[in-house]
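Raw contents of target.tsv, TSV, C-alpha atoms:
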```
chain	number	residue	atom	x	y	z
A	100	CYS	CA	-10.76	-24.06	19.47
A	101	GLN	CA	-7.88	-26.20	18.15
A	102	CYS	CA	-9.03	-27.69	14.86
A	103	LYS	CA	-7.50	-31.13	14.21
A	104	ASN	CA	-8.48	-32.07	10.66
A	105	GLY	CA	-8.33	-28.89	8.65
A	106	GLU	CA	-11.65	-27.44	9.81
A	107	THR	CA	-12.06	-23.69	10.12
A	108	GLY	CA	-14.33	-21.36	12.05
A	109	SER	CA	-14.45	-20.34	15.69
A	110	LEU	CA	-15.93	-23.72	16.63
A	111	CYS	CA	-14.23	-25.71	13.88
A	112	GLN	CA	-17.67	-25.94	12.30
A	113	VAL	CA	-16.55	-25.49	8.68
A	114	ILE	CA	-15.17	-28.70	7.24
A	115	PRO	CA	-12.89	-28.65	4.18
A	116	VAL	CA	-15.00	-30.66	1.75
A	117	GLY	CA	-15.64	-29.83	-1.89
A	118	ASP	CA	-12.58	-27.59	-2.12
A	119	GLY	CA	-10.58	-29.56	-4.69
A	120	SER	CA	-8.21	-31.14	-2.16
A	121	CYS	CA	-8.62	-34.77	-1.08
A	122	ASP	CA	-8.63	-35.02	2.73
A	123	ALA	CA	-8.27	-38.59	4.04
A	124	PHE	CA	-10.22	-37.91	7.25
A	125	PHE	CA	-13.30	-36.71	5.34
A	126	ASN	CA	-13.09	-39.31	2.58
A	127	LYS	CA	-16.04	-41.21	4.08
A	128	GLN	CA	-19.68	-41.72	3.18
A	129	GLU	CA	-20.94	-39.45	5.98
A	130	PHE	CA	-18.94	-36.55	4.52
A	131	GLY	CA	-19.92	-37.28	0.92
A	132	TYR	CA	-16.45	-38.70	0.30
A	133	ASP	CA	-14.86	-35.32	0.99
A	134	GLY	CA	-17.48	-33.60	-1.12
A	135	GLY	CA	-16.23	-35.43	-4.21
A	136	ASP	CA	-12.66	-34.16	-3.90
A	137	CYS	CA	-11.04	-37.62	-4.08
A	138	CYS	CA	-12.48	-38.82	-7.41
A	139	GLU	CA	-11.61	-37.45	-10.83
A	140	ALA	CA	-15.20	-37.51	-12.09
A	141	SER	CA	-16.63	-35.59	-9.12
A	142	CYS	CA	-13.84	-33.23	-8.07
A	143	GLU	CA	-14.10	-29.50	-8.81
A	144	SER	CA	-11.07	-27.26	-8.40
A	145	SER	CA	-11.28	-24.17	-6.23
A	146	ALA	CA	-9.28	-20.97	-5.94
A	147	ASP	CA	-7.11	-22.64	-3.29
A	148	HIS	CA	-6.74	-26.17	-4.63
A	149	GLN	CA	-6.48	-27.92	-7.98
A	150	CYS	CA	-8.01	-31.37	-8.41
A	151	GLY	CA	-5.53	-34.23	-8.60
A	152	ARG	CA	-2.63	-32.14	-7.37
A	153	GLN	CA	-1.02	-31.70	-3.98
A	154	GLU	CA	1.08	-28.87	-2.63
A	155	PHE	CA	4.46	-29.59	-1.06
A	156	ALA	CA	6.95	-27.30	0.63
A	157	VAL	CA	10.31	-27.47	-1.18
A	158	PRO	CA	13.74	-26.35	0.07
A	159	SER	CA	14.69	-22.75	-0.61
A	160	ASP	CA	17.98	-20.89	-0.40
A	161	ASP	CA	16.20	-18.19	1.57
A	162	VAL	CA	15.42	-19.67	5.00
A	163	GLU	CA	12.70	-17.05	5.55
A	164	THR	CA	10.87	-18.00	2.38
A	165	VAL	CA	8.77	-21.14	2.05
A	166	GLN	CA	8.48	-22.26	-1.55
A	167	VAL	CA	5.40	-24.30	-2.41
A	168	ASP	CA	5.22	-26.55	-5.43
A	169	SER	CA	2.08	-28.17	-6.85
A	170	VAL	CA	2.66	-31.79	-7.87
A	171	PRO	CA	0.24	-34.03	-9.81
A	172	VAL	CA	-0.75	-36.99	-7.59
A	173	GLY	CA	-3.87	-38.23	-9.37
A	174	PHE	CA	-6.80	-39.77	-7.52
A	175	PRO	CA	-5.49	-42.92	-5.77
A	176	PHE	CA	-7.94	-42.58	-2.87
A	177	CYS	CA	-11.21	-42.51	-4.81
A	178	ARG	CA	-13.66	-44.50	-2.66
A	179	ASP	CA	-17.03	-43.17	-3.76
A	180	PRO	CA	-18.97	-46.22	-5.09
A	181	LEU	CA	-20.53	-44.02	-7.78
A	182	TYR	CA	-17.05	-43.60	-9.27
A	183	GLY	CA	-15.66	-47.11	-8.83
A	184	CYS	CA	-12.92	-47.00	-11.48
A	185	LYS	CA	-9.51	-46.40	-10.00
A	186	TYR	CA	-7.51	-43.48	-11.29
A	187	GLY	CA	-6.18	-44.19	-14.75
A	188	GLU	CA	-8.46	-47.18	-15.39
A	189	THR	CA	-10.92	-47.05	-18.25
A	190	ASP	CA	-11.98	-50.70	-18.54
A	191	CYS	CA	-13.83	-51.39	-15.30
A	192	TRP	CA	-17.28	-51.71	-13.78
A	193	THR	CA	-18.75	-48.53	-12.33
A	194	PRO	CA	-21.94	-48.39	-10.19
A	195	THR	CA	-24.70	-46.35	-11.81
A	196	SER	CA	-26.61	-45.59	-8.63
A	197	THR	CA	-26.55	-45.66	-4.86
A	198	ALA	CA	-26.87	-48.95	-2.99
A	199	ILE	CA	-30.17	-50.47	-1.81
A	200	PRO	CA	-29.95	-51.61	1.83
A	201	LEU	CA	-31.20	-55.10	2.66
A	202	LEU	CA	-33.67	-55.79	5.45
A	203	ILE	CA	-31.99	-59.06	6.38
A	204	LYS	CA	-28.78	-58.86	8.41
A	205	LYS	CA	-27.36	-62.25	7.47
A	206	SER	CA	-24.64	-62.76	4.90
A	207	SER	CA	-26.92	-64.73	2.56
A	208	GLY	CA	-30.58	-65.17	1.75
A	209	ALA	CA	-31.30	-62.23	-0.57
A	210	PHE	CA	-31.74	-62.21	-4.35
A	211	VAL	CA	-32.09	-59.49	-6.97
A	212	THR	CA	-33.81	-59.54	-10.36
A	213	LEU	CA	-33.20	-56.72	-12.86
A	214	SER	CA	-35.65	-55.80	-15.61
A	215	SER	CA	-34.53	-56.02	-19.23
A	216	ASN	CA	-34.54	-52.23	-19.54
A	217	GLY	CA	-32.34	-51.86	-16.44
A	218	ARG	CA	-34.71	-49.40	-14.75
A	219	THR	CA	-36.56	-51.67	-12.31
A	220	ILE	CA	-35.09	-54.07	-9.77
A	221	VAL	CA	-36.75	-56.63	-7.51
A	222	VAL	CA	-35.12	-57.37	-4.15
A	223	SER	CA	-36.40	-60.61	-2.64
A	224	GLU	CA	-35.54	-61.83	0.83
A	225	PRO	CA	-37.10	-65.30	1.21
A	226	GLU	CA	-36.00	-65.70	4.81
A	227	LEU	CA	-38.24	-62.74	5.62
A	228	ASP	CA	-40.92	-63.70	3.05
A	229	THR	CA	-40.71	-60.22	1.49
A	230	ILE	CA	-40.38	-58.64	-1.94
A	231	ARG	CA	-39.54	-55.01	-2.68
A	232	VAL	CA	-39.53	-53.39	-6.12
A	233	PHE	CA	-37.48	-50.28	-6.92
A	234	ASP	CA	-37.38	-47.87	-9.87
A	235	GLN	CA	-34.20	-46.02	-10.75
A	236	VAL	CA	-34.65	-42.28	-10.38
A	237	ASP	CA	-31.56	-40.26	-11.29
A	238	SER	CA	-28.70	-41.90	-9.33
A	239	GLY	CA	-30.91	-43.54	-6.69
A	240	TRP	CA	-33.60	-46.18	-6.29
A	241	VAL	CA	-37.15	-45.40	-5.16
A	242	GLN	CA	-39.42	-48.16	-3.88
A	243	ARG	CA	-42.50	-48.78	-6.00
A	244	GLY	CA	-45.61	-49.43	-3.94
A	245	GLN	CA	-45.76	-51.43	-0.75
A	246	THR	CA	-43.50	-54.24	0.43
A	247	LEU	CA	-45.06	-57.51	-0.69
A	248	GLU	CA	-45.30	-60.19	1.98
A	249	GLY	CA	-45.97	-63.90	1.55
A	250	GLU	CA	-47.18	-66.50	3.99
A	251	ALA	CA	-45.00	-66.95	7.05
A	252	LYS	CA	-42.04	-69.31	6.49
A	253	SER	CA	-43.07	-69.94	2.88
A	254	ARG	CA	-39.79	-68.56	1.52
A	255	PHE	CA	-41.81	-66.12	-0.56
A	256	GLY	CA	-39.49	-64.69	-3.22
A	257	THR	CA	-37.34	-67.76	-3.80
A	258	LEU	CA	-37.93	-67.28	-7.54
A	259	VAL	CA	-38.95	-64.05	-9.28
A	260	ALA	CA	-39.68	-63.09	-12.88
A	261	ILE	CA	-40.27	-59.51	-14.00
A	262	SER	CA	-41.80	-58.04	-17.16
A	263	THR	CA	-41.44	-54.39	-18.18
A	264	LEU	CA	-41.64	-52.35	-21.36
A	265	PRO	CA	-38.55	-52.25	-23.62
A	266	GLY	CA	-36.05	-49.48	-22.95
A	267	SER	CA	-36.94	-47.74	-26.22
A	268	VAL	CA	-40.54	-47.40	-25.06
A	269	VAL	CA	-39.54	-46.24	-21.58
A	270	ARG	CA	-37.49	-43.37	-23.02
A	271	ARG	CA	-40.53	-42.12	-24.91
A	272	ARG	CA	-42.78	-42.16	-21.88
A	273	SER	CA	-42.82	-39.96	-18.81
A	274	GLY	CA	-43.28	-41.34	-15.31
A	275	ARG	CA	-43.46	-44.98	-14.30
A	276	VAL	CA	-44.37	-47.77	-16.69
A	277	PRO	CA	-46.47	-50.90	-16.06
A	278	VAL	CA	-44.64	-53.75	-14.34
A	279	ILE	CA	-45.69	-57.36	-13.85
A	280	ILE	CA	-43.87	-59.71	-11.48
A	281	ALA	CA	-44.35	-63.40	-10.78
A	282	VAL	CA	-43.21	-64.57	-7.35
A	283	ALA	CA	-42.72	-68.16	-6.24
A	284	ALA	CA	-42.78	-69.36	-2.65
A	285	VAL	CA	-40.89	-72.63	-2.19
A	286	GLY	CA	-41.18	-73.59	1.46
A	287	ARG	CA	-41.09	-76.95	3.21
A	288	THR	CA	-44.86	-77.23	3.47
A	289	VAL	CA	-46.10	-74.38	1.27
A	290	ASN	CA	-45.52	-73.94	-2.47
A	291	TYR	CA	-47.28	-71.40	-4.68
A	292	VAL	CA	-46.84	-68.70	-7.31
A	293	GLU	CA	-48.47	-65.27	-7.27
A	294	VAL	CA	-48.58	-62.65	-10.02
A	295	TYR	CA	-48.72	-58.91	-9.27
A	296	THR	CA	-49.25	-55.89	-11.49
A	297	PHE	CA	-48.54	-52.22	-10.97
A	298	GLU	CA	-50.10	-49.67	-13.31
A	299	PRO	CA	-48.37	-46.34	-14.10
A	300	HIS	CA	-50.80	-44.25	-12.02
A	301	GLY	CA	-51.32	-46.80	-9.25
A	302	THR	CA	-50.08	-46.68	-5.70
A	303	ILE	CA	-50.13	-50.36	-4.71
A	304	TRP	CA	-49.37	-53.77	-6.18
A	305	VAL	CA	-52.41	-55.78	-7.18
A	306	GLY	CA	-52.28	-59.55	-7.05
```

Would you write out, as structure tokens, the structure that this file holds?
Amino acid sequence: CQCKNGETGSLCQVIPVGDGSCDAFFNKQEFGYDGGDCCEASCESSADHQCGRQEFAVPSDDVETVQVDSVPVGFPFCRDPLYGCKYGETDCWTPTSTAIPLLIKKSSGAFVTLSSNGRTIVVSEPELDTIRVFDQVDSGWVQRGQTLEGEAKSRFGTLVAISTLPGSVVRRRSGRVPVIIAVAAVGRTVNYVEVYTFEPHGTIWVG
């Protein structure tokens, strides 16, 4: 088997990710952005490669000897959204979690509302008359309860307000905290507001 992109193994089944060397081909989401090799904050050096450095063959007086030199190149190809700062930057925005996919496929028509403690987010998509609420768990978002649905074509979720406990209280509690959301539907023929609550040990939203 002729391996094309640095893979090893009899069937090229071993891909070179997480080895401390940034490989452009594997620097994609499906390969975990080369196992973290291309970002300073996620790269871990291995016995064969050192993070942020690249090996180059340099001329040698002895034609039978290949001299290899390790040169610092930094992390110019960091693409992982969890490590959004470019190499050398310190004053920039950096995502704190993975992305939440939208249900709607259009370029507009979705809104987000973040709680004051930064741990709960409401994603409203009025064109679909739906509301979803997510809690941040580690570096990801987990949906809380069921997807809330309004009346058809009511533009349910046009306006949303959320109430949660202060961050200082959240840090002292384990598990989920109570959340209250108010949702407005502002359609052409239908206009209303509904209020929902979700208790810490509940499984559904109650309106």

Of the residues A:Cys111, A:Leu201, A:Cys177, A:Val172, which is the one nearest to A:Tyr132, using all atoms listed in the file?
A:Cys177

Give me, please, the distance in Å between atom CA of A:Arg178 and atom CA of A:Gly239, quoted to one decimal.
17.7 Å

Which residues come within 9 Å of A:Trp304, counting only C-alpha atoms, excluding same-chain residues fewer than 5 positions away, as a PyMOL selection string?
chain A and resi 243-247+295-298

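Comparing A:Thr263, A:Asn290, A:Asn126, A:Ser120 by their smallest distance to A:Ser215, the closest is A:Thr263 (using all atoms listed in the file).
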
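Of note, atom CA of A:Glu139 and atom CA of A:Leu181 are spaced 11.5 Å apart.
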
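The nearest approach to A:Arg287 among the residues A:Val236, A:Ala251, A:Val221, A:Val241, with only C-alpha atoms taken into account, belongs to A:Ala251.
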
Mind listing whatever residues come within 6 Å of the point (-38.4, -72.8, 2.2)? Use all atoms listed in the file, file coordinates, and give them as JSON, numbers by chain.
{"A": [253, 254, 285, 286, 287]}

May I have the residues from that selection written out with C-alpha atoms, as a PDB file, in the coordinates of the input?
```pdb
ATOM      1  CA  SER A 253     -43.070 -69.940   2.880  1.00  0.00           C
ATOM      2  CA  ARG A 254     -39.790 -68.560   1.520  1.00  0.00           C
ATOM      3  CA  VAL A 285     -40.890 -72.630  -2.190  1.00  0.00           C
ATOM      4  CA  GLY A 286     -41.180 -73.590   1.460  1.00  0.00           C
ATOM      5  CA  ARG A 287     -41.090 -76.950   3.210  1.00  0.00           C
TER       6      ARG A 287
END
```

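Comparing A:Phe124, A:Trp240, A:Phe255, A:Phe130 by their smallest distance to A:Val289, the closest is A:Phe255 (using only C-alpha atoms).
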
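One finds atom CA of A:Glu224 at 24.1 Å from atom CA of A:Val276.
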
Excluding A:Phe210 and residues on its chain fewer than 5 positions from it, collect all residues at most 12 Å away from it, counting all atoms listed in the file, and give them as a list of chain:residue names.
A:Leu201, A:Leu202, A:Ile203, A:Ile220, A:Val221, A:Val222, A:Ser223, A:Glu224, A:Pro225, A:Glu226, A:Leu227, A:Asp228, A:Thr229, A:Ile230, A:Arg231, A:Val232, A:Arg254, A:Phe255, A:Gly256, A:Thr257, A:Leu258, A:Val259, A:Ala260

Would you list the residues near (-14.4, -40.7, 5.3) (no more than 12 Å away, in the coordinates of the file, using all atoms listed in the file) as a PDB file with C-alpha atoms, in the coordinates of the input?
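Result file follows (out-v7.pdb):
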```pdb
ATOM      1  CA  ASN A 104      -8.480 -32.070  10.660  1.00  0.00           C
ATOM      2  CA  VAL A 116     -15.000 -30.660   1.750  1.00  0.00           C
ATOM      3  CA  CYS A 121      -8.620 -34.770  -1.080  1.00  0.00           C
ATOM      4  CA  ASP A 122      -8.630 -35.020   2.730  1.00  0.00           C
ATOM      5  CA  ALA A 123      -8.270 -38.590   4.040  1.00  0.00           C
ATOM      6  CA  PHE A 124     -10.220 -37.910   7.250  1.00  0.00           C
ATOM      7  CA  PHE A 125     -13.300 -36.710   5.340  1.00  0.00           C
ATOM      8  CA  ASN A 126     -13.090 -39.310   2.580  1.00  0.00           C
ATOM      9  CA  LYS A 127     -16.040 -41.210   4.080  1.00  0.00           C
ATOM     10  CA  GLN A 128     -19.680 -41.720   3.180  1.00  0.00           C
ATOM     11  CA  GLU A 129     -20.940 -39.450   5.980  1.00  0.00           C
ATOM     12  CA  PHE A 130     -18.940 -36.550   4.520  1.00  0.00           C
ATOM     13  CA  GLY A 131     -19.920 -37.280   0.920  1.00  0.00           C
ATOM     14  CA  TYR A 132     -16.450 -38.700   0.300  1.00  0.00           C
ATOM     15  CA  ASP A 133     -14.860 -35.320   0.990  1.00  0.00           C
ATOM     16  CA  GLY A 134     -17.480 -33.600  -1.120  1.00  0.00           C
ATOM     17  CA  GLY A 135     -16.230 -35.430  -4.210  1.00  0.00           C
ATOM     18  CA  ASP A 136     -12.660 -34.160  -3.900  1.00  0.00           C
ATOM     19  CA  CYS A 137     -11.040 -37.620  -4.080  1.00  0.00           C
ATOM     20  CA  PHE A 176      -7.940 -42.580  -2.870  1.00  0.00           C
ATOM     21  CA  CYS A 177     -11.210 -42.510  -4.810  1.00  0.00           C
ATOM     22  CA  ARG A 178     -13.660 -44.500  -2.660  1.00  0.00           C
ATOM     23  CA  ASP A 179     -17.030 -43.170  -3.760  1.00  0.00           C
TER      24      ASP A 179
END
```

Need to verify the contact set: A:Gln153, 7 Å, all atoms listed in the file, exclusion of same-chain residues closer than 6 positions in sequence. Can you return it as a ChimeraX atom specification?
/A:169-172

Here is a test: counting only C-alpha atoms, which residue of A:Cys138, A:Gly105, A:Leu213, A:Gln112 is nearest to A:Gly151?
A:Cys138

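For the set A:Asp168, A:Ala284, A:Gly119, A:Ala198, the residue with the smallest atom-to-atom gap to A:Ser145 is A:Gly119, counting all atoms listed in the file.
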